Structures are given as C-alpha cells and as structure tokens.
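**Student:** Here it is, the structure in full.
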Amino acid sequence: MRGVSGYAESPGFQEVLEALKRALEDNRRLRDFPAEEVARQLVLGGYLGEEPTVPQAADALASL
C-alpha cells in the first residue's frame, strides 16, 4: 500500500500477525528464523505485499 507521500507503508501489526499465522501453517520452521528473515519470507511467500519492519515481525513471533 502506498501512503499519501507515495512511499510504501509497512503493514499493521494485526496484518503481520495474520500473515505469520498463515505462513507458519505452510512452514513451521519460520518460528526458528530471525525476525529479519521472517519479515522477508512473509513477502517472498506472498503473505504480505510490503515487508514489515523487523520489530513488527519480532513482536508477531513473540505473541504466538
């Protein structure tokens, strides 16, 4: 999603969490990956359109 400024906005926490839940159904090993790699995999796997920040990915992992 692009913001008013034209720059891509990172997804919200709830969106990251739901994407992570779907991704973990397909690949349980993601739980063992560093947050930076999880963020990247959420985009590469098609779960999100924009890469979340590393803290967002870490928070989503910690909440599961």
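Numbering starts fresh at 1 for the residues of each chain in the structure tokens, the chains themselves are lettered A, B, ... in the order given, and ligands are numbered from 1 as they appear.
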Which residues come within 12 Å of A:Asp26, counting only C-alpha atoms, excluding same-chain residues fewer than 4 positions away, as JSON, numbers by chain?

**Tutor:** {"A": [19, 20, 21, 22, 30, 31, 41, 42, 45, 46, 47]}

**Student:** Measuring atom to atom with only C-alpha atoms, identify which of A:Val38, A:Leu24, A:Glu9, A:Arg29 is nearest to A:Pro55.

**Tutor:**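 Nearest candidate to A:Pro55 out of A:Val38, A:Leu24, A:Glu9, A:Arg29: A:Val38.
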
**Student:** Taking 5 positions as the minimum chain separation for residues in the same chain, which residues sit within 10 Å of A:Ala62 when counting only C-alpha atoms? Answer as a ChimeraX atom specification.

**Tutor:** /A:31,35,56-57

**Student:** Write the residues you've just listed into a file as a short mmCIF file (atom, residue, chain, number, x, y, z; two decimals), in the first residue's frame, and include all heavy atoms for each of them.

**Tutor:**
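The result, written out as out_10.cif:
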```cif
data_model
loop_
_atom_site.label_atom_id
_atom_site.label_comp_id
_atom_site.auth_asym_id
_atom_site.auth_seq_id
_atom_site.Cartn_x
_atom_site.Cartn_y
_atom_site.Cartn_z
N ARG A 31 9.29 -20.27 12.65
CA ARG A 31 9.32 -19.90 14.07
C ARG A 31 10.76 -19.82 14.59
O ARG A 31 11.05 -19.09 15.53
CB ARG A 31 8.52 -20.91 14.87
CG ARG A 31 8.21 -20.50 16.27
CD ARG A 31 7.37 -21.53 16.97
NE ARG A 31 6.04 -21.66 16.46
CZ ARG A 31 4.99 -20.94 16.87
NH1 ARG A 31 5.15 -20.03 17.79
NH2 ARG A 31 3.80 -21.15 16.36
N ALA A 35 13.92 -12.64 13.13
CA ALA A 35 12.81 -11.78 12.73
C ALA A 35 13.04 -11.13 11.37
O ALA A 35 12.10 -10.97 10.59
CB ALA A 35 12.56 -10.71 13.80
N GLN A 56 8.19 -5.36 14.00
CA GLN A 56 6.85 -5.91 13.81
C GLN A 56 6.91 -7.42 13.71
O GLN A 56 6.08 -8.12 14.31
CB GLN A 56 6.21 -5.35 12.53
CG GLN A 56 5.70 -3.95 12.63
CD GLN A 56 5.15 -3.49 11.30
OE1 GLN A 56 5.76 -3.71 10.24
NE2 GLN A 56 4.02 -2.84 11.33
N ALA A 57 7.83 -7.94 12.94
CA ALA A 57 7.97 -9.38 12.78
C ALA A 57 8.34 -10.02 14.13
O ALA A 57 7.80 -11.06 14.49
CB ALA A 57 9.03 -9.71 11.72
#
```

**Student:** Which residues are near A:Glu51? Cut-off 8 Å, only C-alpha atoms, ignore same chain within fewer than 6 positions. Put them as a PyMOL selection string.

**Tutor:** chain A and resi 10-11+39-40+42-43

**Student:** Those selected residues, please, written with all heavy atoms and delivered as a PDB file, in the first residue's frame.

**Tutor:**
```pdb
ATOM      1  N   SER A  10       4.558   0.222   5.808  1.00  0.00           N
ATOM      2  CA  SER A  10       4.627  -1.152   6.311  1.00  0.00           C
ATOM      3  C   SER A  10       3.241  -1.543   6.809  1.00  0.00           C
ATOM      4  O   SER A  10       2.450  -0.703   7.219  1.00  0.00           O
ATOM      5  CB  SER A  10       5.677  -1.268   7.411  1.00  0.00           C
ATOM      6  OG  SER A  10       5.356  -0.457   8.501  1.00  0.00           O
ATOM      7  N   PRO A  11       2.939  -2.827   6.759  1.00  0.00           N
ATOM      8  CA  PRO A  11       1.627  -3.294   7.206  1.00  0.00           C
ATOM      9  C   PRO A  11       1.479  -3.134   8.718  1.00  0.00           C
ATOM     10  O   PRO A  11       2.472  -3.024   9.445  1.00  0.00           O
ATOM     11  CB  PRO A  11       1.626  -4.766   6.803  1.00  0.00           C
ATOM     12  CG  PRO A  11       3.052  -5.134   6.665  1.00  0.00           C
ATOM     13  CD  PRO A  11       3.788  -3.894   6.278  1.00  0.00           C
ATOM     14  N   ALA A  39      10.393 -11.503   8.287  1.00  0.00           N
ATOM     15  CA  ALA A  39       9.809 -10.356   7.573  1.00  0.00           C
ATOM     16  C   ALA A  39       9.973 -10.527   6.069  1.00  0.00           C
ATOM     17  O   ALA A  39       9.033 -10.320   5.295  1.00  0.00           O
ATOM     18  CB  ALA A  39      10.468  -9.059   8.046  1.00  0.00           C
ATOM     19  N   ARG A  40      11.156 -10.929   5.649  1.00  0.00           N
ATOM     20  CA  ARG A  40      11.438 -11.120   4.219  1.00  0.00           C
ATOM     21  C   ARG A  40      10.595 -12.271   3.656  1.00  0.00           C
ATOM     22  O   ARG A  40      10.036 -12.167   2.566  1.00  0.00           O
ATOM     23  CB  ARG A  40      12.937 -11.403   4.048  1.00  0.00           C
ATOM     24  CG  ARG A  40      13.415 -11.397   2.653  1.00  0.00           C
ATOM     25  CD  ARG A  40      14.931 -11.525   2.500  1.00  0.00           C
ATOM     26  NE  ARG A  40      15.722 -11.826   3.662  1.00  0.00           N
ATOM     27  CZ  ARG A  40      16.362 -10.899   4.409  1.00  0.00           C
ATOM     28  NH1 ARG A  40      16.293  -9.631   4.090  1.00  0.00           N
ATOM     29  NH2 ARG A  40      17.070 -11.262   5.462  1.00  0.00           N
ATOM     30  N   LEU A  42       7.723 -13.371   4.612  1.00  0.00           N
ATOM     31  CA  LEU A  42       6.298 -13.045   4.506  1.00  0.00           C
ATOM     32  C   LEU A  42       5.977 -12.404   3.159  1.00  0.00           C
ATOM     33  O   LEU A  42       4.900 -12.617   2.606  1.00  0.00           O
ATOM     34  CB  LEU A  42       5.861 -12.135   5.662  1.00  0.00           C
ATOM     35  CG  LEU A  42       5.851 -12.799   7.038  1.00  0.00           C
ATOM     36  CD1 LEU A  42       5.485 -11.773   8.106  1.00  0.00           C
ATOM     37  CD2 LEU A  42       4.909 -13.995   7.075  1.00  0.00           C
ATOM     38  N   VAL A  43       6.916 -11.657   2.635  1.00  0.00           N
ATOM     39  CA  VAL A  43       6.730 -11.043   1.308  1.00  0.00           C
ATOM     40  C   VAL A  43       7.038 -12.055   0.209  1.00  0.00           C
ATOM     41  O   VAL A  43       6.249 -12.228  -0.725  1.00  0.00           O
ATOM     42  CB  VAL A  43       7.608  -9.788   1.146  1.00  0.00           C
ATOM     43  CG1 VAL A  43       7.517  -9.239  -0.269  1.00  0.00           C
ATOM     44  CG2 VAL A  43       7.179  -8.729   2.145  1.00  0.00           C
TER      45      VAL A  43
END
```

**Student:** Considering only alpha helix (DSSP H) as DSSP defines it on the backbone, what residues of chain A qualify? List them as number ranges by chain.

**Tutor:** A: 13-26, 35-44, 54-63

**Student:** Would you save the residues from that selection as a PDB file, in the first residue's frame, using C-alpha atoms?

**Tutor:**
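Result written to again04.pdb:
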```
ATOM      1  CA  PHE A  13       0.664  -5.430  13.463  1.00  0.00           C
ATOM      2  CA  GLN A  14      -2.597  -7.354  13.048  1.00  0.00           C
ATOM      3  CA  GLU A  15      -1.921  -7.825   9.337  1.00  0.00           C
ATOM      4  CA  VAL A  16       1.601  -9.075  10.091  1.00  0.00           C
ATOM      5  CA  LEU A  17       0.282 -11.435  12.755  1.00  0.00           C
ATOM      6  CA  GLU A  18      -2.357 -12.943  10.464  1.00  0.00           C
ATOM      7  CA  ALA A  19       0.190 -13.324   7.651  1.00  0.00           C
ATOM      8  CA  LEU A  20       2.613 -15.007  10.049  1.00  0.00           C
ATOM      9  CA  LYS A  21      -0.057 -17.447  11.214  1.00  0.00           C
ATOM     10  CA  ARG A  22      -0.758 -18.426   7.592  1.00  0.00           C
ATOM     11  CA  ALA A  23       2.954 -18.707   6.828  1.00  0.00           C
ATOM     12  CA  LEU A  24       3.539 -20.945   9.860  1.00  0.00           C
ATOM     13  CA  GLU A  25       0.824 -23.295   8.620  1.00  0.00           C
ATOM     14  CA  ASP A  26       2.903 -23.751   5.470  1.00  0.00           C
ATOM     15  CA  ALA A  35      12.806 -11.778  12.732  1.00  0.00           C
ATOM     16  CA  GLU A  36      14.576 -10.139   9.778  1.00  0.00           C
ATOM     17  CA  GLU A  37      14.289 -13.337   7.742  1.00  0.00           C
ATOM     18  CA  VAL A  38      10.666 -13.861   8.807  1.00  0.00           C
ATOM     19  CA  ALA A  39       9.809 -10.356   7.573  1.00  0.00           C
ATOM     20  CA  ARG A  40      11.438 -11.120   4.219  1.00  0.00           C
ATOM     21  CA  GLN A  41       9.745 -14.537   3.922  1.00  0.00           C
ATOM     22  CA  LEU A  42       6.298 -13.045   4.506  1.00  0.00           C
ATOM     23  CA  VAL A  43       6.730 -11.043   1.308  1.00  0.00           C
ATOM     24  CA  LEU A  44       8.546 -13.724  -0.694  1.00  0.00           C
ATOM     25  CA  VAL A  54      11.877  -6.211  11.882  1.00  0.00           C
ATOM     26  CA  PRO A  55      10.313  -5.116  15.206  1.00  0.00           C
ATOM     27  CA  GLN A  56       6.848  -5.905  13.810  1.00  0.00           C
ATOM     28  CA  ALA A  57       7.974  -9.383  12.785  1.00  0.00           C
ATOM     29  CA  ALA A  58       9.648  -9.913  16.171  1.00  0.00           C
ATOM     30  CA  ASP A  59       6.523  -8.787  18.042  1.00  0.00           C
ATOM     31  CA  ALA A  60       4.318 -11.062  15.948  1.00  0.00           C
ATOM     32  CA  LEU A  61       6.629 -14.018  16.588  1.00  0.00           C
ATOM     33  CA  ALA A  62       6.716 -13.278  20.319  1.00  0.00           C
ATOM     34  CA  SER A  63       2.927 -13.080  20.528  1.00  0.00           C
TER      35      SER A  63
END
```
